[in-house]
$ cat data21.cif   # mmCIF, C-alpha atoms
data_my_file
loop_
_atom_site.group_PDB
_atom_site.id
_atom_site.type_symbol
_atom_site.label_atom_id
_atom_site.label_comp_id
_atom_site.auth_asym_id
_atom_site.auth_seq_id
_atom_site.Cartn_x
_atom_site.Cartn_y
_atom_site.Cartn_z
ATOM 1 C CA MET A 1 191.627 107.334 211.240
ATOM 2 C CA ILE A 2 192.972 104.382 213.260
ATOM 3 C CA SER A 3 193.962 101.387 211.140
ATOM 4 C CA CYS A 4 193.235 97.858 212.286
ATOM 5 C CA PRO A 5 196.174 96.087 213.954
ATOM 6 C CA ILE A 6 198.006 93.289 212.151
ATOM 7 C CA ARG A 7 196.475 90.051 213.427
ATOM 8 C CA VAL A 8 199.244 87.520 214.083
ATOM 9 C CA LEU A 9 199.100 83.766 214.637
ATOM 10 C CA ILE A 10 202.229 82.377 216.350
ATOM 11 C CA ALA A 11 203.197 78.730 215.791
ATOM 12 C CA ASP A 12 206.153 77.259 217.679
ATOM 13 C CA ASP A 13 206.432 74.052 219.677
ATOM 14 C CA HIS A 14 208.758 75.591 222.301
ATOM 15 C CA SER A 15 206.675 77.246 225.007
ATOM 16 C CA ILE A 16 209.398 79.727 226.003
ATOM 17 C CA VAL A 17 209.774 80.945 222.419
ATOM 18 C CA ARG A 18 206.020 81.029 221.922
ATOM 19 C CA GLU A 19 205.365 82.989 225.110
ATOM 20 C CA GLY A 20 208.224 85.371 224.382
ATOM 21 C CA LEU A 21 206.866 86.154 220.934
ATOM 22 C CA VAL A 22 203.367 86.655 222.309
ATOM 23 C CA SER A 23 204.748 89.151 224.816
ATOM 24 C CA ILE A 24 206.926 91.061 222.345
ATOM 25 C CA ILE A 25 204.382 91.276 219.546
ATOM 26 C CA GLY A 26 201.565 92.026 221.985
ATOM 27 C CA ARG A 27 203.299 95.239 223.045
ATOM 28 C CA GLU A 28 203.159 96.699 219.537
ATOM 29 C CA VAL A 29 200.265 99.098 219.025
ATOM 30 C CA ASP A 30 199.852 98.045 215.388
ATOM 31 C CA MET A 31 199.848 94.298 216.072
ATOM 32 C CA LYS A 32 197.630 91.829 217.886
ATOM 33 C CA VAL A 33 198.304 88.159 218.662
ATOM 34 C CA VAL A 34 195.074 86.325 217.906
ATOM 35 C CA ALA A 35 196.293 82.821 218.838
ATOM 36 C CA ALA A 36 199.369 80.694 219.577
ATOM 37 C CA ALA A 37 199.846 77.094 218.445
ATOM 38 C CA ALA A 38 202.197 74.376 219.696
ATOM 39 C CA THR A 39 201.752 71.855 216.861
ATOM 40 C CA GLY A 40 201.318 71.952 213.116
ATOM 41 C CA ARG A 41 197.821 70.512 213.245
ATOM 42 C CA GLN A 42 196.784 73.068 215.848
ATOM 43 C CA THR A 43 198.228 75.809 213.623
ATOM 44 C CA VAL A 44 195.963 74.782 210.752
ATOM 45 C CA GLU A 45 192.933 74.638 213.051
ATOM 46 C CA LEU A 46 193.647 78.058 214.551
ATOM 47 C CA PHE A 47 194.291 79.537 211.123
ATOM 48 C CA TRP A 48 190.816 78.539 209.919
ATOM 49 C CA LYS A 49 189.317 79.814 213.166
ATOM 50 C CA HIS A 50 191.027 83.219 213.224
ATOM 51 C CA THR A 51 192.172 83.845 209.597
ATOM 52 C CA PRO A 52 195.195 85.866 210.743
ATOM 53 C CA ASP A 53 196.890 88.518 208.622
ATOM 54 C CA VAL A 54 200.341 87.005 209.262
ATOM 55 C CA THR A 55 201.279 83.555 210.527
ATOM 56 C CA LEU A 56 204.662 83.378 212.263
ATOM 57 C CA LEU A 57 205.611 79.769 211.607
ATOM 58 C CA ASP A 58 208.301 77.429 212.934
ATOM 59 C CA LEU A 59 209.401 74.807 210.395
ATOM 60 C CA ARG A 60 209.847 71.904 212.813
ATOM 61 C CA MET A 61 206.740 71.087 214.836
ATOM 62 C CA PRO A 62 204.954 67.917 215.986
ATOM 63 C CA GLU A 63 202.139 66.340 213.926
ATOM 64 C CA MET A 64 202.714 68.567 210.864
ATOM 65 C CA ASP A 65 205.829 70.536 209.998
ATOM 66 C CA GLY A 66 205.739 74.102 208.742
ATOM 67 C CA ILE A 67 205.954 73.102 205.086
ATOM 68 C CA GLU A 68 202.943 70.796 205.489
ATOM 69 C CA VAL A 69 201.021 73.561 207.259
ATOM 70 C CA MET A 70 201.592 75.992 204.406
ATOM 71 C CA ARG A 71 200.707 73.365 201.801
ATOM 72 C CA ALA A 72 197.467 72.681 203.657
ATOM 73 C CA ILE A 73 196.488 76.355 203.734
ATOM 74 C CA HIS A 74 198.091 78.268 200.871
ATOM 75 C CA PRO A 75 196.332 76.548 197.922
ATOM 76 C CA ARG A 76 192.975 77.405 199.505
ATOM 77 C CA VAL A 77 194.030 80.886 200.648
ATOM 78 C CA PRO A 78 196.686 82.202 198.233
ATOM 79 C CA ALA A 79 196.681 85.562 200.037
ATOM 80 C CA ALA A 80 197.772 83.967 203.336
ATOM 81 C CA ARG A 81 200.963 85.591 204.658
ATOM 82 C CA PHE A 82 203.524 83.249 206.211
ATOM 83 C CA LEU A 83 206.743 84.324 207.915
ATOM 84 C CA VAL A 84 208.998 81.370 208.722
ATOM 85 C CA LEU A 85 211.018 81.597 211.934
ATOM 86 C CA THR A 86 213.487 78.719 212.283
ATOM 87 C CA ILE A 87 216.991 77.598 213.224
ATOM 88 C CA TYR A 88 217.426 75.810 209.890
ATOM 89 C CA ASP A 89 219.271 77.670 207.136
ATOM 90 C CA GLY A 90 219.896 74.889 204.614
ATOM 91 C CA ASP A 91 219.071 75.943 201.072
ATOM 92 C CA GLU A 92 216.663 73.023 200.714
ATOM 93 C CA GLU A 93 214.547 74.316 203.622
ATOM 94 C CA VAL A 94 214.623 77.850 202.257
ATOM 95 C CA PHE A 95 213.555 76.696 198.796
ATOM 96 C CA GLN A 96 210.784 74.443 200.111
ATOM 97 C CA ALA A 97 209.445 77.114 202.463
ATOM 98 C CA LEU A 98 209.285 79.786 199.768
ATOM 99 C CA ASP A 99 207.837 77.286 197.296
ATOM 100 C CA ALA A 100 205.129 76.337 199.824
ATOM 101 C CA GLY A 101 204.049 79.958 200.198
ATOM 102 C CA ALA A 102 206.304 81.696 202.733
ATOM 103 C CA LEU A 103 206.925 85.387 202.056
ATOM 104 C CA GLY A 104 209.620 85.698 204.701
ATOM 105 C CA TYR A 105 212.326 83.587 206.317
ATOM 106 C CA ILE A 106 214.121 84.542 209.537
ATOM 107 C CA LEU A 107 216.755 82.560 211.446
ATOM 108 C CA LYS A 108 216.164 82.380 215.197
ATOM 109 C CA GLN A 109 219.879 82.403 215.981
ATOM 110 C CA ASP A 110 220.355 85.690 214.094
ATOM 111 C CA MET A 111 217.058 87.263 215.072
ATOM 112 C CA VAL A 112 216.886 90.816 216.371
ATOM 113 C CA MET A 113 213.450 91.709 217.718
ATOM 114 C CA SER A 114 213.284 94.988 215.826
ATOM 115 C CA GLU A 115 214.037 93.069 212.609
ATOM 116 C CA LEU A 116 211.312 90.540 213.374
ATOM 117 C CA LEU A 117 208.752 93.299 213.828
ATOM 118 C CA ARG A 118 209.840 94.947 210.574
ATOM 119 C CA ALA A 119 209.558 91.561 208.849
ATOM 120 C CA ILE A 120 206.011 91.056 210.107
ATOM 121 C CA ARG A 121 205.019 94.480 208.782
ATOM 122 C CA ALA A 122 206.732 93.821 205.452
ATOM 123 C CA VAL A 123 205.113 90.414 204.980
ATOM 124 C CA HIS A 124 201.743 91.872 205.937
ATOM 125 C CA SER A 125 202.234 94.372 203.097
ATOM 126 C CA GLY A 126 202.890 91.522 200.684
ATOM 127 C CA LEU A 127 206.652 92.060 200.510
ATOM 128 C CA ARG A 128 209.300 89.345 200.703
ATOM 129 C CA TRP A 129 211.683 89.330 203.661
ATOM 130 C CA VAL A 130 214.748 87.154 203.097
ATOM 131 C CA PRO A 131 218.031 88.067 204.865
ATOM 132 C CA PRO A 132 221.180 88.212 202.663
ATOM 133 C CA GLY A 133 222.658 84.998 204.098
ATOM 134 C CA VAL A 134 219.451 83.075 203.472
ATOM 135 C CA ALA A 135 219.148 84.546 199.986
ATOM 136 C CA ALA A 136 222.669 83.321 199.239
ATOM 137 C CA ARG A 137 221.612 79.801 200.219
ATOM 138 C CA LEU A 138 218.673 80.040 197.834
ATOM 139 C CA VAL A 139 220.907 81.178 194.972
ATOM 140 C CA GLU A 140 223.225 78.258 195.723
ATOM 141 C CA HIS A 141 220.272 75.886 195.506
ATOM 142 C CA LEU A 142 219.058 77.300 192.209
ATOM 143 C CA THR A 143 222.500 77.121 190.586
ATOM 144 C CA GLN A 144 223.154 73.483 191.513
ATOM 145 C CA PRO A 145 221.835 70.477 189.562
ATOM 146 C CA GLU A 146 218.625 69.171 191.115
ATOM 147 C CA LEU A 147 218.614 65.734 192.753
ATOM 148 C CA SER A 148 215.779 63.412 191.784
ATOM 149 C CA GLY A 149 213.416 62.105 194.439
ATOM 150 C CA ARG A 150 215.101 58.703 194.505
ATOM 151 C CA GLN A 151 218.550 60.300 194.677
ATOM 152 C CA VAL A 152 217.419 62.272 197.725
ATOM 153 C CA GLU A 153 216.220 59.010 199.324
ATOM 154 C CA VAL A 154 219.597 57.387 198.675
ATOM 155 C CA LEU A 155 221.465 60.430 199.992
ATOM 156 C CA ARG A 156 219.473 60.418 203.223
ATOM 157 C CA LEU A 157 220.315 56.740 203.715
ATOM 158 C CA ILE A 158 223.981 57.526 203.085
ATOM 159 C CA VAL A 159 223.783 60.142 205.838
ATOM 160 C CA LYS A 160 222.365 57.432 208.133
ATOM 161 C CA GLY A 161 225.486 55.386 207.455
ATOM 162 C CA LEU A 162 223.966 52.613 205.334
ATOM 163 C CA SER A 163 226.153 50.729 202.854
ATOM 164 C CA ASN A 164 225.177 50.299 199.201
ATOM 165 C CA LYS A 165 223.997 46.766 199.983
ATOM 166 C CA GLU A 166 221.848 47.981 202.895
ATOM 167 C CA ILE A 167 220.415 50.798 200.778
ATOM 168 C CA ALA A 168 219.566 48.297 198.024
ATOM 169 C CA THR A 169 217.705 46.134 200.548
ATOM 170 C CA THR A 170 215.879 49.124 202.027
ATOM 171 C CA LEU A 171 214.734 50.397 198.625
ATOM 172 C CA SER A 172 214.183 46.951 197.071
ATOM 173 C CA VAL A 173 216.572 47.602 194.181
ATOM 174 C CA THR A 174 219.822 46.018 193.043
ATOM 175 C CA GLU A 175 223.167 47.044 194.469
ATOM 176 C CA SER A 176 224.345 48.099 191.003
ATOM 177 C CA THR A 177 221.352 50.437 190.771
ATOM 178 C CA VAL A 178 222.349 52.006 194.083
ATOM 179 C CA LYS A 179 225.918 52.454 192.803
ATOM 180 C CA GLY A 180 224.498 54.334 189.841
ATOM 181 C CA TYR A 181 222.501 56.617 192.145
ATOM 182 C CA VAL A 182 225.541 57.239 194.349
ATOM 183 C CA ASN A 183 227.725 58.169 191.375
ATOM 184 C CA ALA A 184 225.067 60.580 190.105
ATOM 185 C CA ILE A 185 224.724 62.118 193.579
ATOM 186 C CA LEU A 186 228.477 62.670 193.903
ATOM 187 C CA ARG A 187 228.588 64.269 190.465
ATOM 188 C CA LYS A 188 225.647 66.600 191.117
ATOM 189 C CA LEU A 189 226.943 67.657 194.534
ATOM 190 C CA GLY A 190 230.441 68.188 193.193
ATOM 191 C CA VAL A 191 232.096 65.873 195.750
ATOM 192 C CA THR A 192 234.306 62.806 195.491
ATOM 193 C CA ASP A 193 233.128 60.488 198.264
ATOM 194 C CA ARG A 194 230.172 59.512 200.463
ATOM 195 C CA THR A 195 231.450 61.393 203.523
ATOM 196 C CA GLN A 196 231.615 64.663 201.616
ATOM 197 C CA ALA A 197 228.173 63.962 200.155
ATOM 198 C CA ALA A 198 226.751 63.464 203.655
ATOM 199 C CA ILE A 199 228.288 66.725 204.867
ATOM 200 C CA VAL A 200 226.840 68.647 201.918
ATOM 201 C CA ALA A 201 223.445 67.009 202.485
ATOM 202 C CA VAL A 202 223.381 68.188 206.094
ATOM 203 C CA ARG A 203 224.610 71.679 205.211
ATOM 204 C CA ARG A 204 221.949 72.036 202.529
ATOM 205 C CA GLY A 205 219.210 70.749 204.843
ATOM 206 C CA ILE A 206 218.475 67.666 202.728
ATOM 207 C CA ALA A 207 219.183 65.321 205.650
ATOM 208 C CA TYR A 208 220.396 65.358 209.238
ATOM 209 C CA PHE A 209 222.857 63.290 211.230
ATOM 210 C CA GLU A 210 221.014 61.218 213.858
#
$ encode --input "data21.cif" --output "C-alpha coordinates"
Amino acid sequence: MISCPIRVLIADDHSIVREGLVSIIGREVDMKVVAAAATGRQTVELFWKHTPDVTLLDLRMPEMDGIEVMRAIHPRVPAARFLVLTIYDGDEEVFQALDAGALGYILKQDMVMSELLRAIRAVHSGLRWVPPGVAARLVEHLTQPELSGRQVEVLRLIVKGLSNKEIATTLSVTESTVKGYVNAILRKLGVTDRTQAAIVAVRRGIAYFE
(Lines of atoms letter the chains of each structure in order from A and count residues from 1; the text may use other names and numbers.)
(Lines give C-alpha, C1' and ligand atoms only; values in the text may rest on other atoms or scores of the structure.)
Protein backbone atom coordinates (compact mmCIF):
# COMPACT_ATOMS: atom_id res chain seq x y z
CA MET A 1 0.00 0.00 0.00
CA ILE A 2 1.46 3.37 -1.06
CA SER A 3 1.10 6.10 1.56
CA CYS A 4 0.24 9.65 0.58
CA PRO A 5 3.24 12.00 0.34
CA ILE A 6 3.79 14.68 2.97
CA ARG A 7 2.30 17.87 1.53
CA VAL A 8 4.65 20.79 2.23
CA LEU A 9 4.08 24.54 2.03
CA ILE A 10 7.33 26.54 1.78
CA ALA A 11 7.40 30.15 3.02
CA ASP A 12 10.54 32.24 2.55
CA ASP A 13 10.97 35.73 1.13
CA HIS A 14 14.31 34.91 -0.55
CA SER A 15 13.66 33.45 -3.99
CA ILE A 16 16.93 31.50 -4.12
CA VAL A 17 16.19 29.80 -0.80
CA ARG A 18 12.59 29.18 -1.77
CA GLU A 19 13.47 27.68 -5.15
CA GLY A 20 16.23 25.57 -3.63
CA LEU A 21 13.88 24.11 -1.05
CA VAL A 22 11.25 23.41 -3.69
CA SER A 23 13.84 21.51 -5.72
CA ILE A 24 15.27 19.52 -2.80
CA ILE A 25 11.97 18.57 -1.22
CA GLY A 26 10.39 17.87 -4.61
CA ARG A 27 12.91 15.10 -5.24
CA GLU A 28 11.76 13.10 -2.21
CA VAL A 29 9.33 10.32 -3.07
CA ASP A 30 7.46 10.74 0.22
CA MET A 31 7.07 14.52 -0.04
CA LYS A 32 5.27 16.96 -2.31
CA VAL A 33 5.54 20.76 -2.41
CA VAL A 34 2.00 22.05 -2.76
CA ALA A 35 2.86 25.78 -2.81
CA ALA A 36 5.58 28.35 -2.11
CA ALA A 37 5.00 31.76 -0.53
CA ALA A 38 7.15 34.90 -0.52
CA THR A 39 5.29 36.88 2.16
CA GLY A 40 3.56 36.15 5.43
CA ARG A 41 0.15 37.16 4.13
CA GLN A 42 0.57 34.94 1.09
CA THR A 43 1.56 32.08 3.42
CA VAL A 44 -1.73 32.37 5.30
CA GLU A 45 -3.70 32.50 2.05
CA LEU A 46 -1.92 29.46 0.60
CA PHE A 47 -2.32 27.56 3.85
CA TRP A 48 -6.11 27.93 3.74
CA LYS A 49 -6.10 27.00 0.06
CA HIS A 50 -3.93 23.88 0.32
CA THR A 51 -4.08 22.84 4.03
CA PRO A 52 -0.55 21.40 3.92
CA ASP A 53 0.69 18.68 6.26
CA VAL A 54 3.83 20.68 7.13
CA THR A 55 4.56 24.37 6.66
CA LEU A 56 8.26 25.22 6.36
CA LEU A 57 8.28 28.77 7.68
CA ASP A 58 10.83 31.60 7.71
CA LEU A 59 10.47 33.91 10.73
CA ARG A 60 11.26 37.18 8.96
CA MET A 61 9.00 37.92 6.00
CA PRO A 62 7.24 40.99 4.57
CA GLU A 63 3.65 41.88 5.55
CA MET A 64 3.45 39.29 8.37
CA ASP A 65 6.33 37.61 10.16
CA GLY A 66 6.40 33.90 10.93
CA ILE A 67 5.11 34.34 14.47
CA GLU A 68 2.10 36.30 13.18
CA VAL A 69 1.45 33.64 10.55
CA MET A 70 1.35 30.88 13.15
CA ARG A 71 -0.84 32.95 15.47
CA ALA A 72 -3.26 33.51 12.60
CA ILE A 73 -3.51 29.80 11.80
CA HIS A 74 -2.74 27.68 14.85
CA PRO A 75 -5.71 28.70 17.07
CA ARG A 76 -8.08 27.69 14.25
CA VAL A 77 -6.10 24.59 13.26
CA PRO A 78 -4.32 23.24 16.36
CA ALA A 79 -3.10 20.23 14.37
CA ALA A 80 -1.18 22.43 11.90
CA ARG A 81 2.50 21.43 11.74
CA PHE A 82 5.01 24.28 11.51
CA LEU A 83 8.76 23.87 11.06
CA VAL A 84 10.62 27.17 11.47
CA LEU A 85 13.67 27.69 9.26
CA THR A 86 15.57 30.86 10.16
CA ILE A 87 18.93 32.53 10.73
CA TYR A 88 17.82 33.82 14.14
CA ASP A 89 18.84 31.79 17.19
CA GLY A 90 18.03 34.20 20.02
CA ASP A 91 16.18 32.52 22.86
CA GLU A 92 13.34 35.04 22.56
CA GLU A 93 12.67 33.96 18.96
CA VAL A 94 12.85 30.30 19.90
CA PHE A 95 10.42 30.76 22.79
CA GLN A 96 7.97 32.84 20.75
CA ALA A 97 8.05 30.43 17.81
CA LEU A 98 7.38 27.37 19.97
CA ASP A 99 4.74 29.26 21.94
CA ALA A 100 3.01 30.26 18.68
CA GLY A 101 2.77 26.64 17.57
CA ALA A 102 6.04 25.60 15.92
CA LEU A 103 6.99 21.95 16.42
CA GLY A 104 10.47 22.38 14.98
CA TYR A 105 13.18 25.02 14.72
CA ILE A 106 16.15 24.80 12.35
CA LEU A 107 18.92 27.36 11.79
CA LYS A 108 19.69 28.04 8.13
CA GLN A 109 23.39 28.59 8.82
CA ASP A 110 23.70 25.13 10.41
CA MET A 111 21.30 23.34 8.11
CA VAL A 112 22.21 20.04 6.50
CA MET A 113 19.70 18.96 3.86
CA SER A 114 19.42 15.43 5.22
CA GLU A 115 18.63 16.90 8.65
CA LEU A 116 15.97 19.17 7.16
CA LEU A 117 14.26 16.23 5.50
CA ARG A 118 14.36 14.24 8.75
CA ALA A 119 12.91 17.26 10.56
CA ILE A 120 10.02 17.52 8.10
CA ARG A 121 9.21 13.84 8.61
CA ALA A 122 9.47 14.18 12.39
CA VAL A 123 7.24 17.25 12.54
CA HIS A 124 4.74 15.56 10.24
CA SER A 125 4.59 12.73 12.79
CA GLY A 126 3.84 15.23 15.54
CA LEU A 127 7.32 15.13 17.08
CA ARG A 128 9.36 18.14 18.17
CA TRP A 129 12.61 18.90 16.36
CA VAL A 130 14.85 21.32 18.25
CA PRO A 131 18.65 21.09 17.78
CA PRO A 132 20.77 20.99 20.99
CA GLY A 133 22.09 24.54 20.55
CA VAL A 134 18.60 25.94 20.10
CA ALA A 135 17.32 23.93 23.04
CA ALA A 136 20.07 25.44 25.19
CA ARG A 137 18.85 28.91 24.23
CA LEU A 138 15.34 27.95 25.29
CA VAL A 139 16.55 26.67 28.66
CA GLU A 140 18.45 29.92 29.13
CA HIS A 141 15.26 31.86 28.44
CA LEU A 142 13.20 29.82 30.88
CA THR A 143 15.74 30.16 33.69
CA GLN A 144 16.06 33.95 33.45
CA PRO A 145 13.63 36.43 35.04
CA GLU A 146 11.03 37.57 32.52
CA LEU A 147 11.03 41.19 31.34
CA SER A 148 7.68 42.97 31.39
CA GLY A 149 6.25 44.38 28.18
CA ARG A 150 7.24 47.93 29.09
CA GLN A 151 10.74 46.81 30.09
CA VAL A 152 11.13 45.21 26.66
CA GLU A 153 10.06 48.51 25.05
CA VAL A 154 12.64 50.41 27.09
CA LEU A 155 15.35 47.85 26.29
CA ARG A 156 14.68 48.13 22.56
CA LEU A 157 15.01 51.91 22.79
CA ILE A 158 18.28 51.48 24.69
CA VAL A 159 19.53 49.32 21.82
CA LYS A 160 18.60 52.16 19.44
CA GLY A 161 20.87 54.44 21.45
CA LEU A 162 18.24 56.65 23.10
CA SER A 163 19.03 58.38 26.39
CA ASN A 164 16.75 58.11 29.42
CA LYS A 165 15.35 61.56 28.60
CA GLU A 166 14.63 60.56 24.99
CA ILE A 167 13.03 57.29 26.12
CA ALA A 168 10.84 59.22 28.57
CA THR A 169 9.67 61.50 25.76
CA THR A 170 9.04 58.58 23.41
CA LEU A 171 6.98 56.67 25.98
CA SER A 172 5.33 59.74 27.54
CA VAL A 173 6.59 58.94 31.04
CA THR A 174 8.89 60.71 33.48
CA GLU A 175 12.65 60.33 33.33
CA SER A 176 12.66 58.90 36.87
CA THR A 177 10.23 56.21 35.71
CA VAL A 178 12.60 55.31 32.89
CA LYS A 179 15.49 55.10 35.38
CA GLY A 180 13.44 52.63 37.38
CA TYR A 181 12.82 50.50 34.28
CA VAL A 182 16.51 50.60 33.34
CA ASN A 183 17.60 49.49 36.82
CA ALA A 184 15.11 46.61 36.74
CA ILE A 185 16.31 45.60 33.26
CA LEU A 186 19.97 45.56 34.33
CA ARG A 187 19.10 43.48 37.38
CA LYS A 188 17.03 40.94 35.44
CA LEU A 189 19.63 40.59 32.68
CA GLY A 190 22.45 40.28 35.19
CA VAL A 191 24.49 43.14 33.69
CA THR A 192 25.91 46.38 35.07
CA ASP A 193 25.43 48.94 32.30
CA ARG A 194 23.35 49.88 29.25
CA THR A 195 25.94 48.66 26.74
CA GLN A 196 25.96 45.18 28.23
CA ALA A 197 22.16 45.23 28.34
CA ALA A 198 22.03 46.08 24.63
CA ILE A 199 24.43 43.26 23.78
CA VAL A 200 22.37 40.74 25.75
CA ALA A 201 19.18 42.03 24.10
CA VAL A 202 20.62 41.42 20.64
CA ARG A 203 22.03 38.01 21.58
CA ARG A 204 18.68 36.93 23.00
CA GLY A 205 16.78 38.21 19.96
CA ILE A 206 14.82 40.82 21.93
CA ALA A 207 16.13 43.66 19.74
CA TYR A 208 18.54 44.32 16.89
CA PHE A 209 21.16 46.96 16.20
CA GLU A 210 20.07 49.17 13.29
$ resolve_selection --input "data21.cif" --expression "the PyMOL selection byres ((chain A and resi 168) around 12)" --output "list in words"
Arg150, Glu153, Val154, Leu157, Ile158, Leu162, Ser163, Asn164, Lys165, Glu166, Ile167, Thr169, Thr170, Leu171, Ser172, Val173, Thr174, Glu175, Ser176, Thr177, Val178, Lys179, Gly180, Tyr181 and Val182 of chain A
$ write_last_selection --input "data21.cif" --atoms "C-alpha atoms" --output "short mmCIF file (atom, residue, chain, number, x, y, z; two decimals), in the coordinates of the input"
data_model
loop_
_atom_site.label_atom_id
_atom_site.label_comp_id
_atom_site.auth_asym_id
_atom_site.auth_seq_id
_atom_site.Cartn_x
_atom_site.Cartn_y
_atom_site.Cartn_z
CA ARG A 150 215.10 58.70 194.50
CA GLU A 153 216.22 59.01 199.32
CA VAL A 154 219.60 57.39 198.68
CA LEU A 157 220.32 56.74 203.72
CA ILE A 158 223.98 57.53 203.08
CA LEU A 162 223.97 52.61 205.33
CA SER A 163 226.15 50.73 202.85
CA ASN A 164 225.18 50.30 199.20
CA LYS A 165 224.00 46.77 199.98
CA GLU A 166 221.85 47.98 202.90
CA ILE A 167 220.42 50.80 200.78
CA THR A 169 217.70 46.13 200.55
CA THR A 170 215.88 49.12 202.03
CA LEU A 171 214.73 50.40 198.62
CA SER A 172 214.18 46.95 197.07
CA VAL A 173 216.57 47.60 194.18
CA THR A 174 219.82 46.02 193.04
CA GLU A 175 223.17 47.04 194.47
CA SER A 176 224.34 48.10 191.00
CA THR A 177 221.35 50.44 190.77
CA VAL A 178 222.35 52.01 194.08
CA LYS A 179 225.92 52.45 192.80
CA GLY A 180 224.50 54.33 189.84
CA TYR A 181 222.50 56.62 192.14
CA VAL A 182 225.54 57.24 194.35
#
$ atom_distance --input "data21.cif" --atom1 "atom CA of Val33 of chain A" --atom2 "atom CA of Gln96 of chain A"
26.2 Å
$ resolve_selection --input "data21.cif" --expression "the PyMOL selection byres ((chain A and resi 124) around 9)" --output "PyMOL selection string"
chain A and resi 6+53-54+81-82+119-123+125-127
$ resolve_selection --input "data21.cif" --expression "the PyMOL selection byres ((chain A and resi 73) around 12)" --output "VMD selection string"
chain A and resid 40 to 41 43 to 48 51 to 52 55 66 to 72 74 to 82 100 to 102
$ axis_aligned_box --input "data21.cif" --around "segment 178-195 of chain A" --padding-each-side "5 Å" --output "JSON"
{"center_x": 228.3, "center_y": 60.1, "center_z": 196.7, "size_x": 22.0, "size_y": 26.2, "size_z": 23.7}
$ closest_residue --input "data21.cif" --among "A:Leu59, A:Met31, A:Leu85, A:Met64" --to "Leu107 of chain A" --atoms "all atoms listed in the file"
A:Leu85
$ atom_distance --input "data21.cif" --atom1 "atom CA of Glu115 of chain A" --atom2 "atom CA of Gln42 of chain A"
26.6 Å
$ atom_distance --input "data21.cif" --atom1 "atom CA of Leu147 of chain A" --atom2 "atom CA of Asp110 of chain A"
29.3 Å
$ closest_residue --input "data21.cif" --among "A:Arg156, A:Leu21, A:Lys188, A:Leu98" --to "Met111 of chain A" --atoms "only C-alpha atoms"
A:Leu21
$ closest_residue --input "data21.cif" --among "A:Met61, A:Val17, A:Val152, A:Val29" --to "Lys108 of chain A" --atoms "only C-alpha atoms"
A:Val17
$ closest_residue --input "data21.cif" --among "A:Asp13, A:Asp65, A:Asp30, A:Glu93" --to "Arg118 of chain A" --atoms "only C-alpha atoms"
A:Asp30
$ closest_residue --input "data21.cif" --among "A:Pro5, A:Val94, A:Val191, A:Gly161" --to "Arg27 of chain A" --atoms "all atoms listed in the file"
A:Pro5
